[in-house]
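Shown next: coords01.csv, given as CSV, C-alpha atoms and all ligand atoms.
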```csv
chain,number,residue,atom,x,y,z
A,8,MET,CA,45.9,-29.3,123.5
A,9,THR,CA,45.9,-25.7,124.7
A,10,ARG,CA,47.6,-25.1,128.0
A,11,PRO,CA,47.5,-22.1,130.3
A,12,TYR,CA,50.3,-19.7,130.2
A,13,ASN,CA,52.7,-20.4,133.1
A,14,PHE,CA,54.6,-17.5,134.5
A,15,SER,CA,56.5,-19.4,137.2
A,16,ALA,CA,60.0,-18.2,138.2
A,17,GLY,CA,61.2,-21.8,138.3
A,18,PRO,CA,60.7,-24.7,137.9
A,19,ALA,CA,59.2,-23.0,134.9
A,20,ALA,CA,57.3,-23.8,131.7
A,21,ILE,CA,59.0,-26.1,129.3
A,22,PRO,CA,58.2,-25.9,125.5
A,23,PRO,CA,55.2,-28.2,124.8
A,24,GLU,CA,57.0,-29.8,121.9
A,25,VAL,CA,59.8,-30.9,124.3
A,26,LEU,CA,57.3,-32.3,126.8
A,27,GLU,CA,55.5,-34.1,124.0
A,28,GLN,CA,58.6,-35.7,122.7
A,29,ALA,CA,59.7,-36.7,126.1
A,30,ALA,CA,56.3,-38.3,126.7
A,31,ALA,CA,56.4,-40.1,123.3
A,32,GLU,CA,59.8,-41.5,124.1
A,33,MET,CA,59.0,-42.3,127.8
A,34,LEU,CA,58.6,-46.0,127.5
A,35,ASP,CA,60.9,-46.7,124.6
A,36,TRP,CA,63.7,-44.4,123.6
A,37,HIS,CA,64.5,-44.8,119.9
A,38,GLY,CA,63.6,-48.5,119.8
A,39,SER,CA,66.0,-49.4,122.6
A,40,GLY,CA,63.3,-51.0,124.7
A,41,MET,CA,64.2,-48.7,127.6
A,42,GLY,CA,63.1,-45.3,128.8
A,43,VAL,CA,65.9,-42.8,129.4
A,44,MET,CA,65.4,-42.9,133.2
A,45,GLU,CA,66.1,-46.7,133.0
A,46,MET,CA,69.3,-46.6,131.1
A,47,SER,CA,72.9,-47.0,132.3
A,48,HIS,CA,74.7,-43.7,132.1
A,49,ARG,CA,77.6,-45.6,130.6
A,50,GLY,CA,75.6,-47.3,127.9
A,51,LYS,CA,75.9,-46.3,124.2
A,52,GLU,CA,72.4,-45.0,124.2
A,53,PHE,CA,72.8,-42.5,127.0
A,54,ILE,CA,76.3,-41.5,125.9
A,55,SER,CA,74.8,-40.5,122.6
A,56,ILE,CA,72.2,-38.4,124.3
A,57,TYR,CA,74.9,-36.8,126.5
A,58,GLU,CA,77.2,-36.0,123.6
A,59,ALA,CA,74.5,-34.5,121.5
A,60,ALA,CA,73.3,-32.3,124.4
A,61,GLU,CA,76.8,-31.1,125.1
A,62,ALA,CA,77.6,-30.4,121.5
A,63,ASP,CA,74.3,-28.6,120.9
A,64,LEU,CA,74.7,-26.5,124.0
A,65,ARG,CA,78.3,-25.5,122.9
A,66,GLU,CA,77.0,-24.5,119.5
A,67,LEU,CA,74.0,-22.6,120.9
A,68,LEU,CA,75.9,-20.6,123.5
A,69,GLY,CA,79.0,-20.3,121.3
A,70,VAL,CA,81.1,-21.7,124.1
A,71,PRO,CA,84.8,-21.6,123.1
A,72,ALA,CA,86.9,-24.7,123.0
A,73,HIS,CA,89.0,-23.7,126.0
A,74,PHE,CA,85.9,-23.9,128.2
A,75,LYS,CA,84.5,-27.2,129.7
A,76,ILE,CA,80.8,-27.8,129.9
A,77,LEU,CA,79.9,-29.7,133.1
A,78,PHE,CA,76.6,-31.3,133.9
A,79,MET,CA,76.4,-31.3,137.7
A,80,GLN,CA,73.8,-31.5,140.5
A,81,GLY,CA,73.0,-29.4,143.5
A,82,GLY,CA,71.6,-26.4,141.8
A,83,GLY,CA,72.7,-22.8,142.0
A,84,LEU,CA,72.8,-22.9,145.8
A,85,ALA,CA,75.3,-25.8,145.8
A,86,GLU,CA,77.5,-23.8,143.3
A,87,ASN,CA,77.6,-21.0,145.9
A,88,ALA,CA,79.8,-23.5,147.9
A,89,ILE,CA,81.3,-25.4,145.0
A,90,VAL,CA,82.8,-22.3,143.3
A,91,PRO,CA,84.7,-21.1,146.4
A,92,LEU,CA,85.7,-24.7,147.1
A,93,ASN,CA,87.3,-24.8,143.7
A,94,LEU,CA,88.5,-21.3,143.0
A,95,SER,CA,89.2,-19.5,146.3
A,96,ARG,CA,92.8,-20.6,146.8
A,97,ALA,CA,94.5,-17.7,145.1
A,98,GLY,CA,93.2,-14.8,147.3
A,99,ALA,CA,90.2,-12.7,148.3
A,100,VAL,CA,86.9,-13.5,146.7
A,101,ASP,CA,85.0,-10.4,145.6
A,102,PHE,CA,81.2,-10.1,145.3
A,103,VAL,CA,78.9,-7.6,143.7
A,104,VAL,CA,75.6,-7.8,145.5
A,105,THR,CA,72.7,-6.9,143.4
A,106,GLY,CA,69.8,-8.8,145.0
A,107,SER,CA,68.8,-11.9,146.9
A,108,TRP,CA,70.8,-14.4,145.0
A,109,SER,CA,74.2,-12.7,145.0
A,110,GLN,CA,73.5,-11.9,148.7
A,111,LYS,CA,73.1,-15.6,149.4
A,112,SER,CA,76.2,-16.4,147.4
A,113,GLN,CA,78.5,-14.0,149.3
A,114,LYS,CA,77.3,-15.4,152.6
A,115,GLU,CA,77.9,-19.0,151.6
A,116,ALA,CA,81.4,-18.2,150.3
A,117,ARG,CA,82.4,-17.1,153.8
A,118,LYS,CA,82.3,-20.7,154.9
A,119,TYR,CA,85.2,-21.6,152.6
A,120,ALA,CA,87.1,-18.5,151.4
A,121,SER,CA,89.6,-16.9,153.8
A,122,GLU,CA,88.6,-13.4,152.7
A,123,VAL,CA,85.4,-12.3,151.1
A,124,ASN,CA,84.8,-8.7,150.1
A,125,VAL,CA,81.6,-7.0,148.8
A,126,ILE,CA,83.1,-4.6,146.4
A,127,ALA,CA,79.8,-3.0,145.2
A,128,SER,CA,76.2,-3.3,146.1
A,129,GLY,CA,72.8,-2.2,144.8
A,130,GLU,CA,71.3,-2.2,148.3
A,131,ASP,CA,71.0,1.6,148.5
A,132,SER,CA,68.5,1.5,145.7
A,133,GLY,CA,66.6,-1.4,147.3
A,134,PHE,CA,68.1,-3.6,144.6
A,135,THR,CA,66.3,-1.7,141.8
A,136,ALA,CA,69.5,-0.5,140.1
A,137,LEU,CA,72.9,-2.0,139.4
A,138,PRO,CA,76.1,-0.5,140.7
A,139,ASP,CA,78.1,0.9,137.7
A,140,PRO,CA,81.2,-1.3,137.1
A,141,ALA,CA,83.3,1.8,136.5
A,142,GLY,CA,83.1,2.4,140.3
A,143,TRP,CA,84.2,-1.1,141.3
A,144,THR,CA,87.6,-1.8,142.9
A,145,VAL,CA,88.6,-5.4,142.5
A,146,SER,CA,90.7,-6.7,145.4
A,147,ARG,CA,94.4,-7.1,144.6
A,148,GLY,CA,95.1,-10.7,143.6
A,149,ALA,CA,91.4,-11.6,143.9
A,150,SER,CA,90.8,-15.2,143.0
A,151,TYR,CA,87.5,-14.3,141.3
A,152,VAL,CA,84.7,-11.7,141.2
A,153,HIS,CA,81.2,-13.1,141.5
A,154,ILE,CA,78.0,-11.5,140.1
A,155,CYS,CA,74.5,-12.7,139.6
A,156,SER,CA,73.9,-11.7,136.0
A,157,ASN,CA,70.1,-11.9,136.3
A,158,GLU,CA,68.5,-11.5,139.7
A,159,THR,CA,65.4,-13.6,139.5
A,160,ILE,CA,63.7,-12.1,142.5
A,161,ASN,CA,64.6,-8.4,142.2
A,162,GLY,CA,64.3,-8.4,138.4
A,163,VAL,CA,67.6,-6.7,137.6
A,164,GLU,CA,69.8,-7.9,134.8
A,165,PHE,CA,73.3,-7.1,133.5
A,166,HIS,CA,72.7,-6.3,129.8
A,167,GLN,CA,76.5,-6.1,129.4
A,168,LEU,CA,78.8,-8.2,131.5
A,169,PRO,CA,81.5,-6.2,133.3
A,170,ASP,CA,84.9,-6.1,131.7
A,171,LEU,CA,87.3,-6.8,134.6
A,172,LYS,CA,90.3,-6.3,132.4
A,173,ALA,CA,89.2,-2.7,131.8
A,174,LEU,CA,89.2,-2.3,135.6
A,175,GLY,CA,92.8,-3.4,135.7
A,176,SER,CA,92.1,-6.9,137.1
A,177,ASP,CA,93.0,-10.3,135.8
A,178,ALA,CA,90.6,-12.0,138.1
A,179,PRO,CA,88.1,-14.4,136.4
A,180,LEU,CA,84.5,-13.3,136.4
A,181,VAL,CA,82.0,-15.8,137.8
A,182,ILE,CA,78.5,-15.4,136.8
A,183,ASP,CA,75.4,-17.0,138.2
A,184,PHE,CA,73.3,-17.1,135.0
A,185,SER,CA,70.6,-19.5,136.4
A,186,SER,CA,67.7,-17.4,135.4
A,187,HIS,CA,68.7,-16.1,132.0
A,188,VAL,CA,70.9,-18.8,130.6
A,189,ALA,CA,70.3,-19.4,126.9
A,190,SER,CA,68.0,-16.4,126.7
A,191,ARG,CA,70.7,-14.2,125.2
A,192,THR,CA,74.2,-14.5,123.8
A,193,VAL,CA,77.2,-14.6,126.2
A,194,ASP,CA,80.5,-12.7,125.8
A,195,TRP,CA,82.8,-15.5,126.9
A,196,SER,CA,85.8,-13.3,126.7
A,197,ARG,CA,84.6,-11.7,129.9
A,198,VAL,CA,83.8,-14.9,131.8
A,199,GLY,CA,85.8,-17.4,133.8
A,200,LEU,CA,83.0,-19.5,135.0
A,201,ALA,CA,79.2,-19.5,134.6
A,202,PHE,CA,76.8,-21.7,136.5
A,203,GLY,CA,73.0,-22.1,136.6
A,204,GLY,CA,70.3,-24.5,137.6
A,205,ALA,CA,68.3,-25.9,134.6
A,206,GLN,CA,64.8,-25.4,135.9
A,207,LYS,CA,64.1,-22.1,134.3
A,208,ASN,CA,65.4,-22.1,130.7
A,209,LEU,CA,66.9,-25.5,130.1
A,210,GLY,CA,64.7,-28.3,131.5
A,211,PRO,CA,63.7,-30.0,134.8
A,212,ALA,CA,65.2,-29.3,138.2
A,213,GLY,CA,68.1,-31.5,139.2
A,214,LEU,CA,70.6,-30.6,136.5
A,215,THR,CA,73.1,-27.8,137.1
A,216,LEU,CA,75.1,-26.4,134.2
A,217,VAL,CA,78.7,-25.2,134.8
A,218,VAL,CA,80.8,-23.7,132.0
A,219,VAL,CA,84.4,-23.2,133.2
A,220,ARG,CA,87.6,-22.0,131.6
A,221,GLU,CA,90.1,-24.8,131.5
A,222,ASP,CA,92.9,-22.9,133.2
A,223,LEU,CA,90.7,-22.7,136.3
A,224,LEU,CA,90.5,-26.4,136.8
A,225,GLY,CA,92.7,-28.3,139.3
A,226,GLN,CA,92.8,-25.6,142.1
A,227,ALA,CA,90.3,-27.1,144.5
A,228,LEU,CA,90.8,-26.8,148.2
A,229,PRO,CA,91.7,-30.2,149.9
A,230,ILE,CA,88.3,-30.3,151.6
A,231,CYS,CA,86.4,-30.0,148.3
A,232,PRO,CA,84.3,-33.2,147.8
A,233,SER,CA,85.6,-35.2,144.9
A,234,ALA,CA,82.2,-35.2,143.2
A,235,PHE,CA,82.3,-31.4,143.2
A,236,ASP,CA,85.9,-30.9,142.1
A,237,TYR,CA,85.6,-29.4,138.6
A,238,ARG,CA,88.9,-31.1,137.5
A,239,ILE,CA,87.5,-34.5,138.4
A,240,VAL,CA,84.1,-33.8,137.0
A,241,ALA,CA,85.7,-32.5,133.7
A,242,ASP,CA,88.2,-35.4,133.4
A,243,ASN,CA,85.3,-37.9,133.8
A,244,HIS,CA,83.0,-36.1,131.3
A,245,SER,CA,80.5,-35.3,134.1
A,246,MET,CA,80.3,-39.0,134.9
A,247,TYR,CA,82.5,-39.3,138.0
A,248,ASN,CA,79.2,-40.0,139.8
A,249,THR,CA,75.9,-40.8,138.1
A,250,PRO,CA,74.8,-37.7,136.3
A,251,PRO,CA,71.2,-36.4,136.3
A,252,THR,CA,70.4,-38.4,133.2
A,253,TRP,CA,66.8,-37.4,132.8
A,254,GLY,CA,67.6,-33.7,133.2
A,255,ILE,CA,70.4,-34.0,130.6
A,256,TYR,CA,68.0,-35.7,128.2
A,257,VAL,CA,65.2,-33.1,128.6
A,258,ALA,CA,67.7,-30.3,128.4
A,259,GLY,CA,69.0,-31.9,125.2
A,260,LEU,CA,65.5,-31.9,123.7
A,261,THR,CA,65.2,-28.2,124.7
A,262,PHE,CA,68.5,-27.4,123.0
A,263,GLN,CA,67.2,-29.0,119.8
A,264,TRP,CA,64.0,-26.9,120.2
A,265,LEU,CA,66.2,-23.8,120.6
A,266,LYS,CA,68.2,-24.6,117.5
A,267,ARG,CA,65.0,-24.8,115.5
A,268,GLN,CA,63.9,-21.2,116.5
A,269,ARG,CA,63.9,-18.6,113.8
A,270,GLU,CA,63.3,-14.9,114.1
A,271,GLY,CA,63.9,-12.9,110.9
A,272,ALA,CA,67.5,-13.6,109.9
A,273,HIS,CA,68.3,-15.0,113.3
A,274,SER,CA,68.3,-18.6,114.6
A,275,GLY,CA,68.9,-20.4,117.9
A,276,VAL,CA,69.8,-18.2,120.9
A,277,ALA,CA,70.0,-15.1,118.7
A,278,ALA,CA,66.5,-15.7,117.6
A,279,ILE,CA,65.1,-16.3,121.1
A,280,GLU,CA,66.9,-13.2,122.3
A,281,GLN,CA,65.1,-11.1,119.7
A,282,ARG,CA,61.8,-12.6,120.9
A,283,ASN,CA,62.7,-12.1,124.5
A,284,ILE,CA,63.4,-8.4,123.8
A,285,ALA,CA,60.0,-8.0,122.1
A,286,LYS,CA,58.2,-9.9,125.0
A,287,ALA,CA,59.9,-7.8,127.7
A,288,ARG,CA,59.2,-4.5,125.8
A,289,LEU,CA,55.5,-5.4,125.4
A,290,LEU,CA,55.1,-6.1,129.1
A,291,TYR,CA,57.2,-3.2,130.5
A,292,ASP,CA,55.4,-0.7,128.1
A,293,ALA,CA,52.0,-1.9,129.3
A,294,ILE,CA,53.1,-1.5,133.0
A,295,ASP,CA,54.7,1.9,132.4
A,296,GLN,CA,51.8,3.3,130.4
A,297,SER,CA,49.3,2.5,133.2
A,298,GLN,CA,48.6,4.4,136.4
A,299,PHE,CA,47.4,1.2,138.0
A,300,TYR,CA,50.6,-0.9,138.0
A,301,VAL,CA,54.2,-0.1,138.7
A,302,ASN,CA,57.7,-1.6,138.1
A,303,LYS,CA,60.4,0.0,140.3
A,304,VAL,CA,63.5,-1.2,138.4
A,305,ALA,CA,65.8,1.3,136.7
A,306,ALA,CA,65.1,1.2,132.9
A,307,ASN,CA,68.7,0.3,131.9
A,308,CYS,CA,68.8,-2.9,134.0
A,309,ARG,CA,65.3,-4.3,133.8
A,310,SER,CA,65.3,-8.1,133.5
A,311,ARG,CA,64.0,-9.5,130.2
A,312,MET,CA,63.2,-12.7,132.1
A,313,ASN,CA,61.7,-11.7,135.5
A,314,VAL,CA,59.3,-8.8,135.7
A,315,PRO,CA,58.3,-7.9,139.2
A,316,PHE,CA,55.4,-5.4,139.3
A,317,PHE,CA,52.9,-4.0,141.9
A,318,LEU,CA,49.3,-3.0,141.9
A,319,ARG,CA,49.3,0.5,143.3
A,320,ASP,CA,46.3,-0.6,145.3
A,321,GLU,CA,47.6,-3.8,146.9
A,322,SER,CA,44.3,-4.6,148.5
A,323,ARG,CA,43.3,-5.9,145.0
A,324,ASN,CA,46.2,-8.4,144.8
A,325,ASP,CA,44.1,-11.5,145.6
A,326,ALA,CA,41.4,-10.5,143.1
A,327,PHE,CA,44.0,-9.9,140.5
A,328,LEU,CA,45.5,-13.3,141.0
A,329,ALA,CA,42.2,-15.1,141.0
A,330,GLY,CA,41.1,-13.4,137.8
A,331,ALA,CA,44.4,-14.2,136.2
A,332,LYS,CA,44.0,-17.9,137.1
A,333,GLU,CA,40.5,-17.9,135.6
A,334,ARG,CA,42.0,-16.7,132.3
A,335,GLY,CA,44.7,-19.4,132.3
A,336,LEU,CA,47.5,-17.1,133.5
A,337,LEU,CA,49.3,-19.0,136.2
A,338,GLN,CA,51.9,-18.4,139.0
A,339,LEU,CA,52.0,-14.6,138.9
A,340,LYS,CA,52.3,-14.1,142.6
A,341,GLY,CA,55.5,-12.2,143.5
A,342,HIS,CA,58.3,-13.6,145.7
A,343,LYS,CA,57.5,-13.3,149.3
A,344,SER,CA,60.5,-11.1,150.0
A,345,VAL,CA,59.4,-8.5,147.5
A,346,GLY,CA,55.6,-9.0,147.4
A,347,GLY,CA,53.3,-7.9,144.6
A,348,MET,CA,53.4,-9.8,141.3
A,349,ARG,CA,56.1,-11.3,139.2
A,350,ALA,CA,55.8,-12.5,135.6
A,351,SER,CA,58.7,-14.7,134.6
A,352,ILE,CA,58.8,-14.8,130.8
A,353,TYR,CA,61.5,-17.3,130.0
A,354,ASN,CA,62.3,-18.8,126.6
A,355,ALA,CA,59.3,-21.1,126.6
A,356,MET,CA,56.9,-18.3,127.1
A,357,PRO,CA,55.5,-17.3,123.6
A,358,LEU,CA,54.8,-13.7,122.7
A,359,ALA,CA,51.1,-14.7,122.7
A,360,GLY,CA,51.4,-15.5,126.4
A,361,VAL,CA,52.8,-12.1,127.2
A,362,GLN,CA,50.0,-10.5,125.0
A,363,ALA,CA,47.4,-12.4,127.0
A,364,LEU,CA,48.9,-11.1,130.2
A,365,VAL,CA,48.9,-7.5,128.9
A,366,ASP,CA,45.3,-7.9,127.8
A,367,TYR,CA,44.4,-9.0,131.2
A,368,LEU,CA,46.3,-6.2,132.9
A,369,ARG,CA,44.3,-3.7,130.8
A,370,GLU,CA,41.0,-5.5,131.5
A,371,PHE,CA,41.6,-5.6,135.2
A,372,GLU,CA,42.6,-2.0,135.3
A,373,GLN,CA,39.5,-0.9,133.4
A,374,LYS,CA,37.2,-2.8,135.8
A,375,ASN,CA,38.9,-1.6,139.0
A,376,ALA,CA,40.4,1.9,138.3
A,401,LIG,N1,70.6,-18.3,141.6
A,401,LIG,C1,69.6,-17.7,140.9
A,401,LIG,C2,69.8,-16.5,140.1
A,401,LIG,C3,68.3,-18.3,141.0
A,401,LIG,O1,67.3,-17.8,140.4
A,401,LIG,C4,68.2,-19.5,141.8
A,401,LIG,C5,66.8,-20.2,142.0
A,401,LIG,N2,65.7,-19.5,141.8
A,401,LIG,C6,69.3,-20.0,142.5
A,401,LIG,C7,70.5,-19.4,142.3
A,401,LIG,C8,69.2,-21.2,143.3
A,401,LIG,O2,69.1,-22.3,142.5
A,401,LIG,P1,68.7,-23.7,143.1
A,401,LIG,O3,67.4,-23.6,143.8
A,401,LIG,O4,68.7,-24.6,141.9
A,401,LIG,O5,69.8,-24.1,144.1
```

Write the structure described by the file as structure tokens, please.
Amino acid sequence: MTRPYNFSAGPAAIPPEVLEQAAAEMLDWHGSGMGVMEMSHRGKEFISIYEAAEADLRELLGVPAHFKILFMQGGGLAENAIVPLNLSRAGAVDFVVTGSWSQKSQKEARKYASEVNVIASGEDSGFTALPDPAGWTVSRGASYVHICSNETINGVEFHQLPDLKALGSDAPLVIDFSSHVASRTVDWSRVGLAFGGAQKNLGPAGLTLVVVREDLLGQALPICPSAFDYRIVADNHSMYNTPPTWGIYVAGLTFQWLKRQREGAHSGVAAIEQRNIAKARLLYDAIDQSQFYVNKVAANCRSRMNVPFFLRDESRNDAFLAGAKERGLLQLKGHKSVGGMRASIYNAMPLAGVQALVDYLREFEQKNA
């Protein structure tokens, strides 16, 4: 079956092979007589699904042994509260605001942390550029520094994580990697905690991934709900409460799909990263080479995952979207806060999908220029 290309920012396209396998196993998982949604999370069948998903993710992302992988619920927005509930005891919480999502994060943290500082911001550039880490001053004794490593709406991405040690700080770095998790390798030596919702690169909505350095566990504020206390979640292998079993299962299938990816000498996340680089280059080059479309993000921090762009003549937006839909190019409308268009080209988007979009960009320009 050929399907349209889906450029949704999330929930987003899932590899067809994953959907097909989930469909095939829907009524009877591996001869158990049960679908995964119907299984006890404590039964041996689901435990095997959970353990494989965790091990595959650890391997794919190269997560070191002194980090815990937690499968939680509540999405990225709940983590905006859960992180300060767990980590803000030591001192000020620092934020670098680079777009809509980190802006939301710093606002939420104010409910729980006694001191919140925005130590750098991309606001002056209209969030089209990232503030250079060399200019950041981390608060003394900060409990952590939060960044959004890929801003889904504004389309800016940290291509290198900041090195807080080089800035003279021991504070752990917290990254919201919701919208580029598993699209590239992660330098864990620079990270204290990473979180992200699954619904862009990992699987269905409802599952939240948290990867946390062990020494950061056990510091939750007394008001922290038990189900959101990282120590309790870790000690119970993400089964203090019933975990999002379906989400973990589909994410597990996605991890197996990722492990099978090959690109030249690369495999797994390194392979998908190569493909993501090629996809992003193809699309940005087409936009830059045209007089008809524009992307406003600084070249050194353009997101490989989320590409916002504008028609220079915005009166043609509706015609552009209608024509795209006719050609099987779905969900290209930009976020309402930014306007224009946005193509989200996560792991599940093949190069052929980006090529189809680029062909359409040229065709629409020729007809309308
Ligand atoms: N952070 C980022 C970077 C996101 O893209 C999103 C969702 N688009 C969120 C946080 C919020 O995630 P959720 O809706 O799962 O709470």

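Using all atoms listed in the file, the smallest distance between any of A:Asn157, A:Thr144, A:Gln263, A:Ser15 and Ala62 of chain A comes from A:Gln263.
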
Of the listed residues A:Leu216, A:Met246, A:Ala116, A:Ala350, that which approaches ligand LIG 401 (chain A) most closely, counting all atoms listed in the file
A:Leu216

Return as JSON, numbers by chain every polymer residue, whether protein, DNA or RNA, with at least one atom no more than 7 Å from an atom of ligand LIG 401 (chain A); count all atoms listed in the file.
{"A": [16, 17, 81, 82, 83, 84, 85, 108, 155, 157, 158, 159, 183, 184, 185, 186, 203, 204, 212]}

Shell of 10 Å around Lys207 of chain A, only C-alpha atoms, local chain residues under 6 positions omitted, as a list in words:
Ser15, Ala16, Gly17, Pro18, Ala19, Ala20, Ile21, Ser185, Ser186, His187, Val188, Met312, Ser351, Ile352, Tyr353, Asn354 and Ala355 of chain A

Per residue of segment 217-291 of chain A within 12 Å of segment 68-72 of chain A, record the nearest atom pair and its distance in Å to one decimal, counting only C-alpha atoms, with rows in chain order and ascending residue number, as CSV.
```
residue,atom,partner,partner_atom,distance
A:Val217,CA,A:Val70,CA,11.5
A:Val218,CA,A:Val70,CA,8.2
A:Val219,CA,A:Val70,CA,9.8
A:Arg220,CA,A:Pro71,CA,9.0
A:Glu221,CA,A:Ala72,CA,9.1
A:Asp222,CA,A:Ala72,CA,12.0
A:Phe262,CA,A:Leu68,CA,10.1
A:Leu265,CA,A:Leu68,CA,10.6
A:Lys266,CA,A:Leu68,CA,10.5
A:Ser274,CA,A:Leu68,CA,11.9
A:Gly275,CA,A:Leu68,CA,9.0
A:Val276,CA,A:Leu68,CA,7.1
A:Ala277,CA,A:Leu68,CA,9.4
A:Ile279,CA,A:Leu68,CA,11.9
A:Glu280,CA,A:Leu68,CA,11.7
```

Correct to one decimal, the distance atom CA of Arg191 of chain A-atom CA of Val345 of chain A is 25.6 Å

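Counting from atom CA of Asn208 of chain A, the distance to atom CA of His48 of chain A is 23.6 Å.
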
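Using only C-alpha atoms, the smallest distance between any of A:Gln28, A:Ser233, A:Thr252, A:Ser190 and Ile56 of chain A comes from A:Thr252.
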
Compare A:Glu164, A:Asp236, A:Glu321, A:Asp194 by their minimum atom-to-atom distance to Pro138 of chain A, counting all atoms listed in the file, and give me the closest one.
A:Glu164

Counting only C-alpha atoms, write as a PDB file with C-alpha atoms, keeping the file's coordinate frame all protein and nucleic acid residues lying at most 12 Å from (73.1, -44.0, 125.2) in the file's frame.
```pdb
ATOM      1  CA  TRP A  36      63.700 -44.400 123.600  1.00  0.00           C
ATOM      2  CA  HIS A  37      64.500 -44.800 119.900  1.00  0.00           C
ATOM      3  CA  GLY A  38      63.600 -48.500 119.800  1.00  0.00           C
ATOM      4  CA  SER A  39      66.000 -49.400 122.600  1.00  0.00           C
ATOM      5  CA  MET A  41      64.200 -48.700 127.600  1.00  0.00           C
ATOM      6  CA  GLY A  42      63.100 -45.300 128.800  1.00  0.00           C
ATOM      7  CA  VAL A  43      65.900 -42.800 129.400  1.00  0.00           C
ATOM      8  CA  MET A  44      65.400 -42.900 133.200  1.00  0.00           C
ATOM      9  CA  GLU A  45      66.100 -46.700 133.000  1.00  0.00           C
ATOM     10  CA  MET A  46      69.300 -46.600 131.100  1.00  0.00           C
ATOM     11  CA  SER A  47      72.900 -47.000 132.300  1.00  0.00           C
ATOM     12  CA  HIS A  48      74.700 -43.700 132.100  1.00  0.00           C
ATOM     13  CA  ARG A  49      77.600 -45.600 130.600  1.00  0.00           C
ATOM     14  CA  GLY A  50      75.600 -47.300 127.900  1.00  0.00           C
ATOM     15  CA  LYS A  51      75.900 -46.300 124.200  1.00  0.00           C
ATOM     16  CA  GLU A  52      72.400 -45.000 124.200  1.00  0.00           C
ATOM     17  CA  PHE A  53      72.800 -42.500 127.000  1.00  0.00           C
ATOM     18  CA  ILE A  54      76.300 -41.500 125.900  1.00  0.00           C
ATOM     19  CA  SER A  55      74.800 -40.500 122.600  1.00  0.00           C
ATOM     20  CA  ILE A  56      72.200 -38.400 124.300  1.00  0.00           C
ATOM     21  CA  TYR A  57      74.900 -36.800 126.500  1.00  0.00           C
ATOM     22  CA  GLU A  58      77.200 -36.000 123.600  1.00  0.00           C
ATOM     23  CA  ALA A  59      74.500 -34.500 121.500  1.00  0.00           C
ATOM     24  CA  ALA A  60      73.300 -32.300 124.400  1.00  0.00           C
ATOM     25  CA  THR A 252      70.400 -38.400 133.200  1.00  0.00           C
ATOM     26  CA  TRP A 253      66.800 -37.400 132.800  1.00  0.00           C
ATOM     27  CA  ILE A 255      70.400 -34.000 130.600  1.00  0.00           C
ATOM     28  CA  TYR A 256      68.000 -35.700 128.200  1.00  0.00           C
TER      29      TYR A 256
END
```

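Coordinates place atom CA of Gly175 of chain A at a distance of 24.3 Å from atom CA of Phe202 of chain A.
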
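Among A:Asp139, A:Asp177, A:Glu61, A:Glu130, the residue with the shortest atom-to-atom distance to Ile76 of chain A, counting only C-alpha atoms, is A:Glu61.
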
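All residues of protein, DNA or RNA that reach within 9 Å of His166 of chain A, judged by only C-alpha atoms and not counting those fewer than 4 positions away in the chain, are A:Ser156, A:Asn157, A:Asn307, A:Cys308, A:Arg309, A:Ser310.
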
As an MDAnalysis selection string, please: the residues near Tyr291 of chain A (cut-off 8 Å, all atoms listed in the file, same-chain neighbours under 3 positions excluded).
chainID A and resid 287:288 294:295 302 314

Save the residues we just selected, C-alpha atoms, as a compact mmCIF listing (two decimals), in the frame of the given file?
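Okay, this is what ended up in out-v2.txt:
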```txt
# COMPACT_ATOMS: atom_id res chain seq x y z
CA ALA A 287 59.90 -7.80 127.70
CA ARG A 288 59.20 -4.50 125.80
CA ILE A 294 53.10 -1.50 133.00
CA ASP A 295 54.70 1.90 132.40
CA ASN A 302 57.70 -1.60 138.10
CA VAL A 314 59.30 -8.80 135.70
```

Restricting the calculation to only C-alpha atoms, which member of A:Ala326, A:Leu358, A:Leu337, A:Val257 is positioned closest to Gln281 of chain A?
A:Leu358

Show which residues sit within 10 Å of Cys231 of chain A, as JSON, numbers by chain. Count only C-alpha atoms, and ignore same-chain residues fewer than 5 positions away.
{"A": [88, 89, 90, 91, 92, 93, 119, 226, 236, 237]}

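Near Trp143 of chain A, within 7 Å and counting all atoms listed in the file, sit Ile126, Ala127, Pro140, Ala141 and Val145 of chain A; same-chain residues fewer than 2 positions away were not included.
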